[in-house]
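Q: The following block contains the structure, expressed as structure tokens.
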Protein chains: 2
Amino acid sequence: MRTFDLSTGDDQYVKDIRVVRWEQYALERDLPFQAMWYSVPPGSESPVDQHPELELSVVVAGTAHVLVGNEEHEVQQGAAFLLSSTEAHVVQNRSAEVPLTIFSAYWMPLAEAAGHD
Amino acid sequence: MRTFDLSTGDDQYVKDIRVVRWEQYALERDLPFQAMWYSVPPGSESPVDQHPELELSVVVAGTAHVLVGNEEHEVQQGAAFLLSSTEAHVVQNRSAEVPLTIFSAYWMPLAEAAGHD
């Protein structure tokens with residue numbers, strides 16, 4: 001078994017957002033997706049992002065407010081949200097005190113992967 | 001964008017463990033894995049489990065103690081653990097008060113998926 005620790009992972013900053021990318025764990029032969037954690041400080045938000053990969057995000061601490069077009073969704077700790085390739089998104093942390101941390105898995109859209117049940 | 005709420009998901013119980021399986025969201029054409037949440041009450045543990053699927057688990061609330069063979073790992077909120085096909089595992093919640101909730105993604109081992117970069 002392998003464990004992965006958000007607090008000790010090699011990180012980088014995008015604006016004030018701490019990003020821990022899972023490429024460092026060299027799991028590409030085992031995982032059918034790429035992954036990262038990111039932490040949005042209180043009162044901050046992610047840059048607008050859009051990418052061809054689908055992205056499943058699980059809130060592991062705090063509460064996210066996710067803006068997609070005219071939609072706004074509140075996503076609480078433990079809950080998840082799935083973004084498609086066409087959805088530009090911003091993730092806000094509206095708390096004044098609590099960091100927001102998200103685990104995201106992302107992958108290219110599945111081809112017509114025929115043959116699967 | 002779609003959101004998935006642990007608290008309102010259809011659930012089932014395995015012993016005293018609440019399991020919310022993601023099959024109910026009908027995402028098999030979008031996700032390259034299956035998924036579930038499960039919650040282990042204070043002082044309880046999961047049954048021994050082993051399965052051909054690899055399993056990536058992210059702790060979304062509480063602290064997990066994971067037993068695999070002679071190994072024991074403490075995995076804190078936000079951190080993750082990856083189990084291979086050969087690893088029978090038990091997940092314990094040793095807290096007297098705090099529930100343990102885990103998001104797990106699982107998938108069959110990747111074939112020699114030749115052709116991928």
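Identifiers for the structure tokens are assigned positionally: chains receive A, B, ... in sequence, residues are indexed from 1 per chain, and ligands are indexed from 1 in the order shown.
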How far apart are chain A and chain B by Cα RMSD after a least-squares superposition over every Cα, paired in order?
A: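 Once chain B is overlaid on chain A, the RMSD is 0.1 Å.
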Q: Return the neighbours of chain A among the residues of chain B, cut-off 8 Å, counting only C-alpha atoms, as a PDB file with N, CA, C and O atoms, in the first residue's frame.
A:
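Result written to part.pdb:
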```
ATOM      1  N   MET B   1     -22.190  21.281 -15.208  1.00  0.00           N
ATOM      2  CA  MET B   1     -21.521  20.715 -14.040  1.00  0.00           C
ATOM      3  C   MET B   1     -22.508  19.896 -13.220  1.00  0.00           C
ATOM      4  O   MET B   1     -23.663  20.282 -13.074  1.00  0.00           O
ATOM      5  N   ARG B   2     -22.035  18.789 -12.730  1.00  0.00           N
ATOM      6  CA  ARG B   2     -22.867  17.980 -11.842  1.00  0.00           C
ATOM      7  C   ARG B   2     -22.238  17.947 -10.457  1.00  0.00           C
ATOM      8  O   ARG B   2     -21.012  17.919 -10.329  1.00  0.00           O
ATOM      9  N   THR B   3     -23.098  17.936  -9.450  1.00  0.00           N
ATOM     10  CA  THR B   3     -22.589  17.800  -8.089  1.00  0.00           C
ATOM     11  C   THR B   3     -23.115  16.507  -7.481  1.00  0.00           C
ATOM     12  O   THR B   3     -24.171  15.995  -7.886  1.00  0.00           O
ATOM     13  N   PHE B   4     -22.373  15.999  -6.526  1.00  0.00           N
ATOM     14  CA  PHE B   4     -22.686  14.710  -5.896  1.00  0.00           C
ATOM     15  C   PHE B   4     -22.568  14.904  -4.393  1.00  0.00           C
ATOM     16  O   PHE B   4     -21.509  15.296  -3.897  1.00  0.00           O
ATOM     17  N   ASP B   5     -23.665  14.639  -3.722  1.00  0.00           N
ATOM     18  CA  ASP B   5     -23.756  14.963  -2.301  1.00  0.00           C
ATOM     19  C   ASP B   5     -23.801  13.672  -1.485  1.00  0.00           C
ATOM     20  O   ASP B   5     -24.751  12.893  -1.583  1.00  0.00           O
ATOM     21  N   LEU B   6     -22.784  13.530  -0.697  1.00  0.00           N
ATOM     22  CA  LEU B   6     -22.688  12.358   0.171  1.00  0.00           C
ATOM     23  C   LEU B   6     -23.915  12.191   1.050  1.00  0.00           C
ATOM     24  O   LEU B   6     -24.405  11.081   1.270  1.00  0.00           O
ATOM     25  N   ARG B  29     -20.100   6.228 -18.705  1.00  0.00           N
ATOM     26  CA  ARG B  29     -19.586   6.701 -19.997  1.00  0.00           C
ATOM     27  C   ARG B  29     -18.621   7.868 -19.832  1.00  0.00           C
ATOM     28  O   ARG B  29     -17.971   8.284 -20.791  1.00  0.00           O
ATOM     29  N   ASP B  30     -18.562   8.415 -18.655  1.00  0.00           N
ATOM     30  CA  ASP B  30     -17.705   9.584 -18.437  1.00  0.00           C
ATOM     31  C   ASP B  30     -16.488   9.298 -17.565  1.00  0.00           C
ATOM     32  O   ASP B  30     -15.443   9.928 -17.742  1.00  0.00           O
ATOM     33  N   LEU B  31     -16.622   8.393 -16.612  1.00  0.00           N
ATOM     34  CA  LEU B  31     -15.543   8.163 -15.647  1.00  0.00           C
ATOM     35  C   LEU B  31     -14.765   6.883 -15.978  1.00  0.00           C
ATOM     36  O   LEU B  31     -15.388   5.847 -16.252  1.00  0.00           O
ATOM     37  N   PRO B  32     -13.432   6.931 -15.914  1.00  0.00           N
ATOM     38  CA  PRO B  32     -12.626   5.722 -16.148  1.00  0.00           C
ATOM     39  C   PRO B  32     -12.438   4.892 -14.882  1.00  0.00           C
ATOM     40  O   PRO B  32     -11.449   4.171 -14.746  1.00  0.00           O
ATOM     41  N   PHE B  33     -13.361   5.024 -13.958  1.00  0.00           N
ATOM     42  CA  PHE B  33     -13.295   4.251 -12.713  1.00  0.00           C
ATOM     43  C   PHE B  33     -14.698   4.191 -12.125  1.00  0.00           C
ATOM     44  O   PHE B  33     -15.605   4.933 -12.556  1.00  0.00           O
ATOM     45  N   LEU B  54      -7.762  -2.083  -8.390  1.00  0.00           N
ATOM     46  CA  LEU B  54      -6.979  -1.133  -7.613  1.00  0.00           C
ATOM     47  C   LEU B  54      -7.950  -0.135  -7.001  1.00  0.00           C
ATOM     48  O   LEU B  54      -8.996   0.166  -7.582  1.00  0.00           O
ATOM     49  N   VAL B  59      -9.346  10.365   2.200  1.00  0.00           N
ATOM     50  CA  VAL B  59     -10.062  10.570   3.462  1.00  0.00           C
ATOM     51  C   VAL B  59     -10.692  11.962   3.426  1.00  0.00           C
ATOM     52  O   VAL B  59      -9.973  12.964   3.360  1.00  0.00           O
ATOM     53  N   VAL B  60     -12.010  12.022   3.466  1.00  0.00           N
ATOM     54  CA  VAL B  60     -12.682  13.323   3.400  1.00  0.00           C
ATOM     55  C   VAL B  60     -13.163  13.796   4.768  1.00  0.00           C
ATOM     56  O   VAL B  60     -13.570  14.965   4.901  1.00  0.00           O
ATOM     57  N   ALA B  61     -13.133  12.936   5.765  1.00  0.00           N
ATOM     58  CA  ALA B  61     -13.440  13.368   7.139  1.00  0.00           C
ATOM     59  C   ALA B  61     -12.876  12.331   8.096  1.00  0.00           C
ATOM     60  O   ALA B  61     -12.951  11.127   7.839  1.00  0.00           O
ATOM     61  N   VAL B  68      -2.895  -3.557   6.400  1.00  0.00           N
ATOM     62  CA  VAL B  68      -2.617  -4.381   5.217  1.00  0.00           C
ATOM     63  C   VAL B  68      -1.488  -5.316   5.608  1.00  0.00           C
ATOM     64  O   VAL B  68      -0.358  -4.870   5.818  1.00  0.00           O
ATOM     65  N   HIS B  73      -1.100   1.881   8.629  1.00  0.00           N
ATOM     66  CA  HIS B  73      -0.876   3.261   8.193  1.00  0.00           C
ATOM     67  C   HIS B  73      -1.959   4.165   8.756  1.00  0.00           C
ATOM     68  O   HIS B  73      -3.150   3.838   8.664  1.00  0.00           O
ATOM     69  N   VAL B  75      -3.867   7.529   8.098  1.00  0.00           N
ATOM     70  CA  VAL B  75      -4.102   8.418   6.962  1.00  0.00           C
ATOM     71  C   VAL B  75      -5.075   9.504   7.422  1.00  0.00           C
ATOM     72  O   VAL B  75      -6.218   9.223   7.770  1.00  0.00           O
ATOM     73  N   GLN B  77      -7.204  13.257   7.349  1.00  0.00           N
ATOM     74  CA  GLN B  77      -8.140  13.949   6.451  1.00  0.00           C
ATOM     75  C   GLN B  77      -7.381  14.637   5.325  1.00  0.00           C
ATOM     76  O   GLN B  77      -6.401  15.355   5.563  1.00  0.00           O
ATOM     77  N   GLY B  78      -7.833  14.431   4.108  1.00  0.00           N
ATOM     78  CA  GLY B  78      -7.205  15.035   2.946  1.00  0.00           C
ATOM     79  C   GLY B  78      -6.188  14.136   2.280  1.00  0.00           C
ATOM     80  O   GLY B  78      -5.944  14.271   1.085  1.00  0.00           O
ATOM     81  N   ALA B  79      -5.567  13.242   3.037  1.00  0.00           N
ATOM     82  CA  ALA B  79      -4.562  12.343   2.469  1.00  0.00           C
ATOM     83  C   ALA B  79      -5.231  11.152   1.787  1.00  0.00           C
ATOM     84  O   ALA B  79      -6.451  10.983   1.864  1.00  0.00           O
ATOM     85  N   ALA B  80      -4.412  10.337   1.117  1.00  0.00           N
ATOM     86  CA  ALA B  80      -4.956   9.270   0.279  1.00  0.00           C
ATOM     87  C   ALA B  80      -4.124   8.001   0.429  1.00  0.00           C
ATOM     88  O   ALA B  80      -2.969   8.051   0.855  1.00  0.00           O
ATOM     89  N   PHE B  81      -4.722   6.877   0.056  1.00  0.00           N
ATOM     90  CA  PHE B  81      -3.962   5.629   0.017  1.00  0.00           C
ATOM     91  C   PHE B  81      -4.419   4.794  -1.163  1.00  0.00           C
ATOM     92  O   PHE B  81      -5.577   4.825  -1.560  1.00  0.00           O
ATOM     93  N   LEU B  82      -3.452   4.071  -1.734  1.00  0.00           N
ATOM     94  CA  LEU B  82      -3.691   3.276  -2.941  1.00  0.00           C
ATOM     95  C   LEU B  82      -3.434   1.811  -2.618  1.00  0.00           C
ATOM     96  O   LEU B  82      -2.344   1.441  -2.174  1.00  0.00           O
ATOM     97  N   LEU B  83      -4.448   0.993  -2.859  1.00  0.00           N
ATOM     98  CA  LEU B  83      -4.352  -0.442  -2.615  1.00  0.00           C
ATOM     99  C   LEU B  83      -4.259  -1.181  -3.941  1.00  0.00           C
ATOM    100  O   LEU B  83      -4.984  -0.871  -4.887  1.00  0.00           O
ATOM    101  N   SER B  84      -3.375  -2.162  -3.998  1.00  0.00           N
ATOM    102  CA  SER B  84      -3.254  -2.987  -5.194  1.00  0.00           C
ATOM    103  C   SER B  84      -4.178  -4.198  -5.087  1.00  0.00           C
ATOM    104  O   SER B  84      -4.818  -4.429  -4.058  1.00  0.00           O
ATOM    105  N   GLU B  87      -3.790  -6.803  -2.082  1.00  0.00           N
ATOM    106  CA  GLU B  87      -3.731  -6.361  -0.692  1.00  0.00           C
ATOM    107  C   GLU B  87      -5.094  -6.415   0.007  1.00  0.00           C
ATOM    108  O   GLU B  87      -5.965  -5.571  -0.220  1.00  0.00           O
ATOM    109  N   THR B 101     -14.968   9.260   7.005  1.00  0.00           N
ATOM    110  CA  THR B 101     -15.606   9.135   5.692  1.00  0.00           C
ATOM    111  C   THR B 101     -14.540   9.143   4.609  1.00  0.00           C
ATOM    112  O   THR B 101     -13.603   9.955   4.645  1.00  0.00           O
ATOM    113  N   PHE B 103     -13.748   8.721   0.320  1.00  0.00           N
ATOM    114  CA  PHE B 103     -14.132   8.612  -1.082  1.00  0.00           C
ATOM    115  C   PHE B 103     -13.156   7.650  -1.748  1.00  0.00           C
ATOM    116  O   PHE B 103     -11.943   7.831  -1.647  1.00  0.00           O
ATOM    117  N   TRP B 107     -10.766   0.594 -10.037  1.00  0.00           N
ATOM    118  CA  TRP B 107     -10.737   0.235 -11.451  1.00  0.00           C
ATOM    119  C   TRP B 107      -9.913  -1.031 -11.600  1.00  0.00           C
ATOM    120  O   TRP B 107      -9.052  -1.327 -10.786  1.00  0.00           O
ATOM    121  N   PRO B 109      -6.983  -3.402 -13.045  1.00  0.00           N
ATOM    122  CA  PRO B 109      -5.604  -3.057 -13.399  1.00  0.00           C
ATOM    123  C   PRO B 109      -5.513  -2.700 -14.880  1.00  0.00           C
ATOM    124  O   PRO B 109      -6.161  -3.331 -15.715  1.00  0.00           O
ATOM    125  N   LEU B 110      -4.737  -1.682 -15.171  1.00  0.00           N
ATOM    126  CA  LEU B 110      -4.576  -1.254 -16.550  1.00  0.00           C
ATOM    127  C   LEU B 110      -3.851  -2.350 -17.324  1.00  0.00           C
ATOM    128  O   LEU B 110      -2.846  -2.884 -16.859  1.00  0.00           O
TER     129      LEU B 110
END
```
Q: Apply DSSP to the backbone of this structure and, from region 20-95 of chain B, keep only the residues in helix (DSSP H, G or I); write these as a PyMOL selection string.
A: chain B and resi 22-25
Q: Which of these, B:Ser104, B:Glu23, B:Ala64, B:Tyr13, has the shortest distance to Pro42 (chain B) once you count only C-alpha atoms?
A: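 Of the candidates, the smallest distance to Pro42 (chain B) is held by B:Ala64.
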Q: I'd like the contact shell of Glu97 (chain A) - 10 Å cut-off, only C-alpha atoms, skipping same-chain residues fewer than 6 positions apart - returned as a CSV table (one decimal) with N, CA, C and O atoms, in the first residue's frame.
A:
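Written output follows (selection-v3.csv):
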```
chain,number,residue,atom,x,y,z
A,41,PRO,N,-6.8,29.7,-0.4
A,41,PRO,CA,-6.8,30.4,0.9
A,41,PRO,C,-8.2,31.1,1.2
A,41,PRO,O,-8.9,31.4,0.2
A,42,PRO,N,-8.5,31.4,2.4
A,42,PRO,CA,-9.7,32.1,2.7
A,42,PRO,C,-9.8,33.4,1.9
A,42,PRO,O,-8.9,34.1,1.8
A,43,GLY,N,-11.0,33.6,1.4
A,43,GLY,CA,-11.3,34.8,0.6
A,43,GLY,C,-10.7,34.8,-0.8
A,43,GLY,O,-10.9,35.8,-1.5
A,62,GLY,N,-13.1,22.4,4.0
A,62,GLY,CA,-13.7,23.6,3.7
A,62,GLY,C,-15.0,23.5,2.8
A,62,GLY,O,-15.5,22.3,2.7
```
Q: Grab the CA of Ser85 (chain B) to CA of Glu53 (chain B) distance for me, in Å with one decimal place.
A: 5.6 Å
Q: Can you tell me, as a VMD selection string, which residues in chain B count as strand (DSSP E) by DSSP?
A: chain B and resid 2 to 4 12 to 14 17 to 21 34 to 40 54 to 61 64 to 68 71 to 75 80 to 83 90 to 92 100 to 107
Q: Do you have the CA of Ser44 (chain A)-CA of Thr8 (chain A) distance handy?
A: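 Interatomic distance, CA of Ser44 (chain A) to CA of Thr8 (chain A): 22.5 Å.
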Q: Rounded to one decimal place, report the CA of Ser39 (chain B)-CA of His51 (chain B) distance in Å.
A: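 CA of His51 (chain B) lies at a distance of 19.2 Å from CA of Ser39 (chain B).
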